[in-house]
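The file final-v6.txt contains compact mmCIF, C-alpha atoms (C1' of nucleotides):
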```txt
# COMPACT_ATOMS: atom_id res chain seq x y z
CA MET N 1 0.00 0.00 0.00
CA THR N 2 1.44 3.32 -1.03
CA THR N 3 1.95 6.16 1.40
CA SER N 4 -1.15 8.28 1.27
CA ALA N 5 -1.10 11.97 0.56
CA ALA N 6 -2.52 12.56 4.02
CA GLN N 7 0.35 10.72 5.66
CA ARG N 8 2.91 12.64 3.69
CA ARG N 9 1.19 15.89 4.49
CA GLU N 10 1.22 15.02 8.14
CA ARG N 11 4.92 14.27 8.12
CA ALA N 12 5.66 17.54 6.37
CA ARG N 13 3.53 19.37 8.89
CA ALA N 14 5.34 17.68 11.75
CA GLU N 15 8.70 18.70 10.32
CA TYR N 16 7.54 22.22 9.85
CA ASN N 17 6.22 22.42 13.37
CA ALA N 18 9.55 21.15 14.67
CA PHE N 19 11.20 23.86 12.67
CA LEU N 20 8.93 26.48 14.13
CA ALA N 21 9.59 25.15 17.61
CA VAL N 22 13.25 25.93 17.09
CA CYS N 23 12.57 29.31 15.54
CA PRO N 24 9.06 30.46 16.39
CA SER N 25 9.78 33.94 15.17
CA HIS N 26 9.99 32.56 11.65
CA GLN N 27 6.27 32.13 11.75
CA LEU N 28 5.74 35.80 12.35
CA LEU N 29 8.47 36.65 9.91
CA ALA N 30 6.79 34.65 7.18
CA ARG N 31 3.51 36.31 7.97
CA VAL N 32 4.98 39.75 7.72
CA SER N 33 6.95 38.89 4.58
CA ASP N 34 3.84 39.20 2.51
CA LYS N 35 3.25 41.35 -0.51
CA TRP N 36 -0.05 42.78 0.65
CA VAL N 37 1.09 43.29 4.22
CA THR N 38 4.02 45.30 3.00
CA LEU N 39 1.92 47.38 0.67
CA ILE N 40 -0.90 47.99 3.15
CA LEU N 41 1.42 49.00 5.95
CA SER N 42 3.31 51.26 3.60
CA ALA N 43 0.08 52.79 2.44
CA LEU N 44 -1.41 53.27 5.89
CA GLY N 45 1.50 55.00 7.53
CA SER N 46 2.16 57.73 5.08
CA GLY N 47 0.44 56.86 1.88
CA GLY N 48 3.76 56.04 0.34
CA ASP N 49 5.07 57.62 -2.80
CA CYS N 50 2.42 56.75 -5.29
CA ALA N 51 -0.39 58.76 -3.78
CA GLY N 52 0.37 60.44 -0.52
CA GLU N 53 -2.48 60.20 1.96
CA PRO N 54 -1.24 60.17 5.54
CA GLY N 55 -3.00 58.95 8.64
CA ALA N 56 -6.01 56.71 8.92
CA MET N 57 -7.60 55.52 5.74
CA ARG N 58 -10.97 54.20 4.77
CA TYR N 59 -11.52 50.84 3.21
CA SER N 60 -12.34 52.35 -0.14
CA GLU N 61 -9.29 54.58 -0.05
CA LEU N 62 -7.04 51.61 0.50
CA SER N 63 -8.83 49.77 -2.24
CA ARG N 64 -8.18 52.58 -4.66
CA LEU N 65 -4.59 53.15 -3.57
CA LEU N 66 -3.60 49.51 -3.92
CA ALA N 67 -4.94 49.25 -7.43
CA GLY N 68 -4.09 45.61 -7.90
CA VAL N 69 -5.73 44.23 -4.78
CA SER N 70 -9.04 42.38 -4.75
CA GLN N 71 -11.70 42.92 -2.13
CA LYS N 72 -10.99 39.52 -0.77
CA MET N 73 -7.29 39.97 -0.22
CA LEU N 74 -7.70 43.46 1.14
CA THR N 75 -10.28 42.40 3.72
CA GLN N 76 -8.39 39.24 4.54
CA THR N 77 -5.08 41.00 5.03
CA LEU N 78 -6.64 43.80 7.05
CA ARG N 79 -8.30 41.26 9.33
CA SER N 80 -5.04 39.48 9.95
CA LEU N 81 -3.32 42.76 10.65
CA GLU N 82 -6.07 43.68 13.06
CA ARG N 83 -5.83 40.31 14.74
CA ASP N 84 -2.09 40.73 15.15
CA GLY N 85 -2.64 44.15 16.69
CA LEU N 86 -0.91 46.06 13.92
CA VAL N 87 -3.90 48.08 12.80
CA THR N 88 -7.12 49.27 14.37
CA ARG N 89 -10.50 49.01 12.72
CA THR N 90 -12.92 51.77 13.61
CA VAL N 91 -16.56 51.62 12.60
CA THR N 92 -18.47 54.88 12.48
CA PRO N 93 -22.23 54.30 12.18
CA THR N 94 -22.91 56.97 9.60
CA VAL N 95 -25.64 56.43 7.06
CA PRO N 96 -23.63 54.21 4.84
CA VAL N 97 -21.28 52.85 7.43
CA THR N 98 -17.76 54.28 7.53
CA VAL N 99 -14.77 52.13 8.45
CA THR N 100 -11.30 53.51 8.97
CA TYR N 101 -8.05 51.70 9.48
CA ALA N 102 -5.03 53.09 11.27
CA LEU N 103 -1.73 51.81 12.53
CA THR N 104 -1.28 50.93 16.18
CA ASP N 105 1.98 51.67 17.95
CA LEU N 106 3.07 48.15 17.12
CA GLY N 107 2.16 48.72 13.51
CA LEU N 108 4.07 51.95 13.48
CA SER N 109 7.19 50.23 14.76
CA LEU N 110 7.02 47.79 11.88
CA GLN N 111 6.04 50.40 9.39
CA HIS N 112 9.40 52.04 9.84
CA THR N 113 11.13 48.92 8.58
CA MET N 114 8.56 48.53 5.83
CA ARG N 115 9.35 51.98 4.61
CA ALA N 116 13.03 51.08 4.59
CA LEU N 117 12.18 48.07 2.49
CA LYS N 118 10.10 50.14 0.13
CA SER N 119 12.80 52.75 -0.05
CA TRP N 120 15.35 50.07 -0.86
CA ALA N 121 13.17 48.79 -3.66
CA GLU N 122 12.82 52.23 -5.15
CA THR N 123 16.50 53.01 -4.84
CA ASN N 124 17.82 49.79 -6.31
CA MET N 125 15.13 49.05 -8.83
CA ASP N 126 17.24 50.11 -11.78
CA ASP N 127 20.21 48.08 -10.62
CA VAL N 128 18.09 44.99 -10.22
CA PHE N 129 16.52 45.40 -13.63
CA ASP N 130 19.95 45.80 -15.17
CA ASN N 131 21.13 42.68 -13.40
CA ARG N 132 18.15 40.77 -14.69
CA ALA N 133 18.79 41.89 -18.24
CA THR N 134 22.44 40.90 -18.00
CA TYR N 135 21.59 37.56 -16.50
CA ASP N 136 18.96 36.78 -19.10
CA GLU N 137 21.35 37.67 -21.88
CA ARG N 138 24.04 35.37 -20.56
CA VAL N 139 21.58 32.54 -20.20
CA GLY N 140 19.50 33.27 -23.29
CA MET O 1 -21.90 34.57 -24.68
CA THR O 2 -20.25 34.75 -21.31
CA THR O 3 -16.97 36.49 -20.77
CA SER O 4 -14.27 33.88 -21.03
CA ALA O 5 -11.75 33.25 -18.33
CA ALA O 6 -9.03 34.30 -20.73
CA GLN O 7 -10.69 37.67 -21.32
CA ARG O 8 -11.06 38.29 -17.63
CA ARG O 9 -7.47 37.29 -17.01
CA GLU O 10 -6.32 39.66 -19.68
CA ARG O 11 -8.25 42.53 -18.19
CA ALA O 12 -6.84 41.83 -14.76
CA ARG O 13 -3.37 41.67 -16.21
CA ALA O 14 -3.87 44.97 -17.97
CA GLU O 15 -5.00 46.59 -14.76
CA TYR O 16 -2.06 45.19 -12.90
CA ASN O 17 0.35 46.40 -15.55
CA ALA O 18 -1.17 49.84 -15.35
CA PHE O 19 -0.66 49.71 -11.63
CA LEU O 20 2.97 48.71 -12.06
CA ALA O 21 3.45 51.48 -14.59
CA VAL O 22 2.50 53.95 -11.89
CA CYS O 23 4.57 52.26 -9.23
CA PRO O 24 7.17 50.01 -10.83
CA SER O 25 9.01 49.59 -7.56
CA HIS O 26 6.05 47.62 -6.24
CA GLN O 27 7.11 44.81 -8.51
CA LEU O 28 10.47 44.59 -6.84
CA LEU O 29 8.88 45.12 -3.46
CA ALA O 30 6.53 42.22 -3.96
CA ARG O 31 9.41 40.08 -5.09
CA VAL O 32 11.43 40.88 -2.02
CA SER O 33 8.44 40.49 0.30
CA ASP O 34 8.75 36.76 0.14
CA LYS O 35 9.13 34.32 2.97
CA TRP O 36 12.04 32.40 1.48
CA VAL O 37 13.82 35.50 0.26
CA THR O 38 13.71 36.93 3.75
CA LEU O 39 14.91 33.72 5.34
CA ILE O 40 17.66 33.07 2.79
CA LEU O 41 19.03 36.56 2.96
CA SER O 42 18.92 36.46 6.73
CA ALA O 43 20.72 33.14 6.72
CA LEU O 44 23.37 34.13 4.21
CA GLY O 45 24.51 37.33 5.81
CA SER O 46 25.15 36.14 9.30
CA GLY O 47 23.41 32.85 9.78
CA GLY O 48 20.77 34.54 11.83
CA ASP O 49 19.88 33.53 15.33
CA CYS O 50 18.90 29.92 14.89
CA ALA O 51 22.28 28.60 13.86
CA GLY O 52 24.97 31.19 13.31
CA GLU O 53 27.12 30.47 10.27
CA PRO O 54 28.47 33.67 8.81
CA GLY O 55 29.79 34.32 5.32
CA ALA O 56 29.26 32.27 2.20
CA MET O 57 27.29 29.09 2.50
CA ARG O 58 27.00 25.92 0.52
CA TYR O 59 23.77 24.69 -0.94
CA SER O 60 23.54 21.87 1.55
CA GLU O 61 24.23 24.20 4.45
CA LEU O 62 21.38 26.43 3.45
CA SER O 63 19.18 23.42 2.99
CA ARG O 64 19.91 22.27 6.50
CA LEU O 65 19.62 25.70 8.06
CA LEU O 66 16.23 26.45 6.52
CA ALA O 67 14.73 23.24 7.75
CA GLY O 68 11.33 23.78 6.19
CA VAL O 69 12.44 24.52 2.64
CA SER O 70 12.19 22.07 -0.23
CA GLN O 71 14.94 21.61 -2.80
CA LYS O 72 12.73 23.18 -5.36
CA MET O 73 12.00 26.38 -3.50
CA LEU O 74 15.58 26.74 -2.34
CA THR O 75 16.98 26.40 -5.84
CA GLN O 76 14.26 28.54 -7.33
CA THR O 77 14.69 31.32 -4.82
CA LEU O 78 18.47 31.24 -5.05
CA ARG O 79 18.24 31.51 -8.83
CA SER O 80 15.97 34.51 -8.64
CA LEU O 81 18.27 36.14 -6.13
CA GLU O 82 21.22 35.46 -8.39
CA ARG O 83 19.36 36.88 -11.36
CA ASP O 84 18.55 39.99 -9.42
CA GLY O 85 22.19 40.38 -8.48
CA LEU O 86 21.64 39.90 -4.76
CA VAL O 87 23.74 36.77 -4.38
CA THR O 88 26.63 35.20 -6.24
CA ARG O 89 26.82 31.54 -7.15
CA THR O 90 30.32 30.11 -7.21
CA VAL O 91 31.01 26.65 -8.56
CA THR O 92 34.21 24.94 -7.48
CA PRO O 93 34.94 21.85 -9.60
CA THR O 94 36.00 19.59 -6.78
CA VAL O 95 35.27 15.89 -7.00
CA PRO O 96 31.67 16.18 -5.99
CA VAL O 97 31.08 19.68 -7.18
CA THR O 98 30.98 22.42 -4.54
CA VAL O 99 28.66 25.40 -4.90
CA THR O 100 28.72 28.35 -2.56
CA TYR O 101 26.38 31.28 -2.31
CA ALA O 102 27.28 34.68 -0.93
CA LEU O 103 25.72 38.10 -0.78
CA THR O 104 26.73 40.77 -3.26
CA ASP O 105 27.04 44.39 -2.16
CA LEU O 106 23.48 44.89 -3.30
CA GLY O 107 22.41 41.89 -1.30
CA LEU O 108 24.23 43.20 1.73
CA SER O 109 22.40 46.49 1.50
CA LEU O 110 19.09 44.68 1.58
CA GLN O 111 20.21 42.21 4.19
CA HIS O 112 20.48 45.03 6.67
CA THR O 113 16.79 45.72 6.35
CA MET O 114 16.00 42.03 6.39
CA ARG O 115 17.76 41.69 9.68
CA ALA O 116 15.75 44.60 11.02
CA LEU O 117 12.63 42.78 9.94
CA LYS O 118 13.75 39.57 11.56
CA SER O 119 14.74 41.42 14.67
CA TRP O 120 11.32 43.06 14.79
CA ALA O 121 9.65 39.68 14.50
CA GLU O 122 11.70 38.30 17.36
CA THR O 123 11.13 41.32 19.55
CA ASN O 124 7.39 41.60 19.07
CA MET O 125 6.49 37.98 18.71
CA ASP O 126 5.05 37.73 22.20
CA ASP O 127 2.99 40.88 21.77
CA VAL O 128 1.54 39.63 18.52
CA PHE O 129 0.67 36.24 19.98
CA ASP O 130 -1.04 37.96 22.89
CA ASN O 131 -2.98 40.14 20.51
CA ARG O 132 -4.06 37.10 18.56
CA ALA O 133 -5.25 35.33 21.67
CA THR O 134 -7.21 38.38 22.77
CA TYR O 135 -8.74 38.83 19.34
CA ASP O 136 -9.73 35.18 19.06
CA GLU O 137 -11.33 35.29 22.46
CA ARG O 138 -13.41 38.32 21.63
CA VAL O 139 -14.56 36.78 18.40
CA GLY O 140 -14.87 33.18 19.61
C1' DC Z 1 -20.03 51.74 1.85
C1' DT Z 2 -18.12 47.73 3.65
C1' DG Z 3 -18.10 43.78 3.67
C1' DT Z 4 -19.39 38.11 3.34
C1' DA Z 5 -20.06 33.80 0.68
C1' DT Z 6 -19.23 30.97 -3.14
C1' DC Z 7 -17.04 29.26 -6.95
C1' DC Z 8 -13.12 28.83 -9.90
C1' DT Z 9 -8.39 29.19 -11.73
C1' DA Z 10 -3.46 30.01 -11.44
C1' DT Z 11 0.34 29.74 -8.91
C1' DA Z 12 3.24 28.23 -5.18
C1' DT Z 13 5.09 24.58 -3.14
C1' DG Z 14 6.14 19.81 -1.88
C1' DA Z 15 7.35 14.78 -3.04
C1' DT Z 16 9.70 11.90 -5.92
C1' DA Z 17 12.71 10.20 -9.26
C1' DC Z 18 16.54 11.01 -12.16
C1' DT Z 19 21.30 13.31 -13.82
C1' DG Z 20 26.22 15.31 -14.25
C1' DC L 1 26.85 17.34 -3.90
C1' DA L 2 23.90 20.06 -6.37
C1' DG L 3 20.82 20.19 -8.90
C1' DT L 4 16.71 19.19 -12.92
C1' DA L 5 12.22 17.31 -14.31
C1' DT L 6 7.79 15.81 -13.40
C1' DC L 7 3.77 15.17 -11.07
C1' DA L 8 0.43 16.14 -7.43
C1' DT L 9 -1.79 19.22 -4.27
C1' DA L 10 -2.78 23.11 -1.37
C1' DT L 11 -3.23 27.56 -1.17
C1' DA L 12 -3.47 32.17 -2.97
C1' DG L 13 -6.09 34.98 -5.18
C1' DG L 14 -9.80 36.79 -8.37
C1' DA L 15 -14.89 37.10 -10.21
C1' DT L 16 -19.34 37.32 -9.01
C1' DA L 17 -23.36 37.74 -6.43
C1' DC L 18 -25.50 38.94 -2.27
C1' DA L 19 -26.20 41.34 2.58
C1' DG L 20 -26.23 44.71 6.59
```

Written as structure tokens, that's how I'd like the structure from this file.
Amino acid sequence: MTTSAAQRRERARAEYNAFLAVCPSHQLLARVSDKWVTLILSALGSGGDCAGEPGAMRYSELSRLLAGVSQKMLTQTLRSLERDGLVTRTVTPTVPVTVTYALTDLGLSLQHTMRALKSWAETNMDDVFDNRATYDERVG
Amino acid sequence: MTTSAAQRRERARAEYNAFLAVCPSHQLLARVSDKWVTLILSALGSGGDCAGEPGAMRYSELSRLLAGVSQKMLTQTLRSLERDGLVTRTVTPTVPVTVTYALTDLGLSLQHTMRALKSWAETNMDDVFDNRATYDERVG
DNA sequence: CTGTATCCTATATGATACTG
DNA sequence: CAGTATCATATAGGATACAG
């Protein structure tokens, strides 16, 4: 009888859990090393460089600012950020309800690093693209 | 006739390209906001906090250090990092071939931020876990 | 306006076997 | 040792419709 997919999955999960037991911070690191997390935190803190809108932002503002994001991912990522205590979600019971998101202190502390990351990307973008072109040419 | 999946895909792609045209650095940012990229860069520069091995590392060393990574993802991520000019790949034609990876100057400049990110994760891990517990309790 | 629920596809990722 | 190739699967992520 062949090893079932479930068994293999379980073994992989066990290994991964052992890994996390050694380095539990990797779990958080992996969570934070996410495209949408990076973009949302960058957007929330200072609006970033694409469309500067500082301070708290409404759901629809974020949606517009992060042009590529779907409703699903935006909501999902915001929820996880709220759960982790990085952002606050404030509901104002206006006629059509208004919801604003803002960084907590914890979120702010991370946002500093996120901005560094974003800044790095902007600074070294040209270099990286050159490197890619060179590499692709050598490989063909 | 319903809109085909291909048509919808194309529209989404067009939107995303327009988005990247406005903010091309987001492409690089998304690339760098990757779990394995973060872990590999952290590992390469100084071995990190789980098992400190500074300097250049061999493929097998990386594989061991990043316990959860598969061959595929390790190779794939290393290739992309090499293409982007963040790491060098050096082949030494010993009897069983030896391959070492090391950070370039560009990689080093990013690794600094990566370490900040890792450091943040380690510092605030407990806070985040507390926040999660609190949130889960409120929601049930 | 701000979501939630459902369905569906593409991509990421892992397991496995094979190669120089 | 350091991969490459292939297959299988889980998850990410998007489209759409509906709700408070």

Give me, as a short mmCIF file (atom, residue, chain, number, x, y, z; two decimals) with C-alpha atoms, keeping the file's coordinate frame, the contact residues of chain N against chain Z at a cut-off of 7 Å, counting all atoms listed in the file.
```cif
data_model
loop_
_atom_site.label_atom_id
_atom_site.label_comp_id
_atom_site.auth_asym_id
_atom_site.auth_seq_id
_atom_site.Cartn_x
_atom_site.Cartn_y
_atom_site.Cartn_z
CA PRO N 96 -23.63 54.21 4.84
CA VAL N 97 -21.28 52.85 7.43
CA THR N 98 -17.76 54.28 7.53
#
```

request  = Using only C-alpha atoms, determine which residues of chain N fall within 8 Å of chain O; present them as a VMD selection string.
outcome  = chain N and resid 15 to 16 19 22 to 23 25 to 26 28 to 31 33 to 35 38 50 67 to 68 83 to 85 110 113 116 to 118 120 to 122 125 128 to 129 131 to 132 135 to 136

Okay, now the selection with C-alpha atoms, as a PDB file, in the frame of the given file?
```
ATOM      1  CA  GLU N  15       8.700  18.700  10.320  1.00  0.00           C
ATOM      2  CA  TYR N  16       7.540  22.220   9.850  1.00  0.00           C
ATOM      3  CA  PHE N  19      11.200  23.860  12.670  1.00  0.00           C
ATOM      4  CA  VAL N  22      13.250  25.930  17.090  1.00  0.00           C
ATOM      5  CA  CYS N  23      12.570  29.310  15.540  1.00  0.00           C
ATOM      6  CA  SER N  25       9.780  33.940  15.170  1.00  0.00           C
ATOM      7  CA  HIS N  26       9.990  32.560  11.650  1.00  0.00           C
ATOM      8  CA  LEU N  28       5.740  35.800  12.350  1.00  0.00           C
ATOM      9  CA  LEU N  29       8.470  36.650   9.910  1.00  0.00           C
ATOM     10  CA  ALA N  30       6.790  34.650   7.180  1.00  0.00           C
ATOM     11  CA  ARG N  31       3.510  36.310   7.970  1.00  0.00           C
ATOM     12  CA  SER N  33       6.950  38.890   4.580  1.00  0.00           C
ATOM     13  CA  ASP N  34       3.840  39.200   2.510  1.00  0.00           C
ATOM     14  CA  LYS N  35       3.250  41.350  -0.510  1.00  0.00           C
ATOM     15  CA  THR N  38       4.020  45.300   3.000  1.00  0.00           C
ATOM     16  CA  CYS N  50       2.420  56.750  -5.290  1.00  0.00           C
ATOM     17  CA  ALA N  67      -4.940  49.250  -7.430  1.00  0.00           C
ATOM     18  CA  GLY N  68      -4.090  45.610  -7.900  1.00  0.00           C
ATOM     19  CA  ARG N  83      -5.830  40.310  14.740  1.00  0.00           C
ATOM     20  CA  ASP N  84      -2.090  40.730  15.150  1.00  0.00           C
ATOM     21  CA  GLY N  85      -2.640  44.150  16.690  1.00  0.00           C
ATOM     22  CA  LEU N 110       7.020  47.790  11.880  1.00  0.00           C
ATOM     23  CA  THR N 113      11.130  48.920   8.580  1.00  0.00           C
ATOM     24  CA  ALA N 116      13.030  51.080   4.590  1.00  0.00           C
ATOM     25  CA  LEU N 117      12.180  48.070   2.490  1.00  0.00           C
ATOM     26  CA  LYS N 118      10.100  50.140   0.130  1.00  0.00           C
ATOM     27  CA  TRP N 120      15.350  50.070  -0.860  1.00  0.00           C
ATOM     28  CA  ALA N 121      13.170  48.790  -3.660  1.00  0.00           C
ATOM     29  CA  GLU N 122      12.820  52.230  -5.150  1.00  0.00           C
ATOM     30  CA  MET N 125      15.130  49.050  -8.830  1.00  0.00           C
ATOM     31  CA  VAL N 128      18.090  44.990 -10.220  1.00  0.00           C
ATOM     32  CA  PHE N 129      16.520  45.400 -13.630  1.00  0.00           C
ATOM     33  CA  ASN N 131      21.130  42.680 -13.400  1.00  0.00           C
ATOM     34  CA  ARG N 132      18.150  40.770 -14.690  1.00  0.00           C
ATOM     35  CA  TYR N 135      21.590  37.560 -16.500  1.00  0.00           C
ATOM     36  CA  ASP N 136      18.960  36.780 -19.100  1.00  0.00           C
TER      37      ASP N 136
END
```

ask   = Residues of chain L within 10 Å of chain O, using only C-alpha atoms (C1' of nucleotides), as a list in words?
value =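 Every residue of chain L that passes the 10 Å test is in DC1, DA2, DG3, DT4, DG14 and DA15 of chain L.
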
task = Could you jot down the atom CA of Val139 of chain O to atom C1' of DG13 of chain L separation for me, Å, one decimal place?
result =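 Answer for the atom CA of Val139 of chain O to atom C1' of DG13 of chain L separation: 25.1 Å.
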
query = atom CA of Ser70 of chain N and atom CA of Leu103 of chain N, how far apart in Å?
reply =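 So the answer is 21.0 Å.
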
query = Rounded to one decimal in Å, what is the spacing between atom CA of Ile40 of chain O and atom CA of Ala43 of chain N?
reply =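 Pair atom CA of Ile40 of chain O / atom CA of Ala43 of chain N returns 26.4 Å.
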
Filled-in N, CA, C and O atoms of segment 80-93 of chain N, supplied as a PDB file, keeping the file's coordinate frame:
```pdb
ATOM      1  N   SER N  80      -6.195  40.107   9.308  1.00  0.00           N
ATOM      2  CA  SER N  80      -5.040  39.480   9.950  1.00  0.00           C
ATOM      3  C   SER N  80      -4.173  40.528  10.641  1.00  0.00           C
ATOM      4  O   SER N  80      -3.621  40.280  11.714  1.00  0.00           O
ATOM      5  N   LEU N  81      -4.095  41.689  10.036  1.00  0.00           N
ATOM      6  CA  LEU N  81      -3.320  42.760  10.650  1.00  0.00           C
ATOM      7  C   LEU N  81      -4.000  43.248  11.922  1.00  0.00           C
ATOM      8  O   LEU N  81      -3.346  43.579  12.908  1.00  0.00           O
ATOM      9  N   GLU N  82      -5.329  43.268  11.875  1.00  0.00           N
ATOM     10  CA  GLU N  82      -6.070  43.680  13.060  1.00  0.00           C
ATOM     11  C   GLU N  82      -5.893  42.637  14.169  1.00  0.00           C
ATOM     12  O   GLU N  82      -5.649  42.973  15.328  1.00  0.00           O
ATOM     13  N   ARG N  83      -5.987  41.394  13.774  1.00  0.00           N
ATOM     14  CA  ARG N  83      -5.830  40.310  14.740  1.00  0.00           C
ATOM     15  C   ARG N  83      -4.457  40.359  15.401  1.00  0.00           C
ATOM     16  O   ARG N  83      -4.307  40.111  16.595  1.00  0.00           O
ATOM     17  N   ASP N  84      -3.453  40.677  14.614  1.00  0.00           N
ATOM     18  CA  ASP N  84      -2.090  40.730  15.150  1.00  0.00           C
ATOM     19  C   ASP N  84      -1.820  42.018  15.925  1.00  0.00           C
ATOM     20  O   ASP N  84      -0.739  42.196  16.471  1.00  0.00           O
ATOM     21  N   GLY N  85      -2.816  42.905  15.935  1.00  0.00           N
ATOM     22  CA  GLY N  85      -2.640  44.150  16.690  1.00  0.00           C
ATOM     23  C   GLY N  85      -1.777  45.172  15.988  1.00  0.00           C
ATOM     24  O   GLY N  85      -1.193  46.039  16.629  1.00  0.00           O
ATOM     25  N   LEU N  86      -1.714  45.104  14.663  1.00  0.00           N
ATOM     26  CA  LEU N  86      -0.910  46.060  13.920  1.00  0.00           C
ATOM     27  C   LEU N  86      -1.741  47.231  13.409  1.00  0.00           C
ATOM     28  O   LEU N  86      -1.203  48.312  13.176  1.00  0.00           O
ATOM     29  N   VAL N  87      -3.020  46.998  13.221  1.00  0.00           N
ATOM     30  CA  VAL N  87      -3.900  48.080  12.800  1.00  0.00           C
ATOM     31  C   VAL N  87      -5.176  48.053  13.648  1.00  0.00           C
ATOM     32  O   VAL N  87      -5.538  47.030  14.222  1.00  0.00           O
ATOM     33  N   THR N  88      -5.822  49.191  13.708  1.00  0.00           N
ATOM     34  CA  THR N  88      -7.120  49.270  14.370  1.00  0.00           C
ATOM     35  C   THR N  88      -8.202  49.439  13.318  1.00  0.00           C
ATOM     36  O   THR N  88      -7.974  50.030  12.272  1.00  0.00           O
ATOM     37  N   ARG N  89      -9.360  48.903  13.625  1.00  0.00           N
ATOM     38  CA  ARG N  89     -10.500  49.010  12.720  1.00  0.00           C
ATOM     39  C   ARG N  89     -11.583  49.768  13.471  1.00  0.00           C
ATOM     40  O   ARG N  89     -12.053  49.323  14.513  1.00  0.00           O
ATOM     41  N   THR N  90     -11.946  50.933  12.938  1.00  0.00           N
ATOM     42  CA  THR N  90     -12.920  51.770  13.610  1.00  0.00           C
ATOM     43  C   THR N  90     -14.158  51.922  12.747  1.00  0.00           C
ATOM     44  O   THR N  90     -14.075  52.385  11.608  1.00  0.00           O
ATOM     45  N   VAL N  91     -15.299  51.547  13.333  1.00  0.00           N
ATOM     46  CA  VAL N  91     -16.560  51.620  12.600  1.00  0.00           C
ATOM     47  C   VAL N  91     -17.339  52.837  13.072  1.00  0.00           C
ATOM     48  O   VAL N  91     -17.636  52.960  14.256  1.00  0.00           O
ATOM     49  N   THR N  92     -17.653  53.725  12.154  1.00  0.00           N
ATOM     50  CA  THR N  92     -18.470  54.880  12.480  1.00  0.00           C
ATOM     51  C   THR N  92     -19.849  54.667  11.855  1.00  0.00           C
ATOM     52  O   THR N  92     -19.966  54.554  10.629  1.00  0.00           O
ATOM     53  N   PRO N  93     -20.891  54.613  12.693  1.00  0.00           N
ATOM     54  CA  PRO N  93     -22.230  54.300  12.180  1.00  0.00           C
ATOM     55  C   PRO N  93     -22.898  55.483  11.489  1.00  0.00           C
ATOM     56  O   PRO N  93     -23.957  55.953  11.896  1.00  0.00           O
TER      57      PRO N  93
END
```
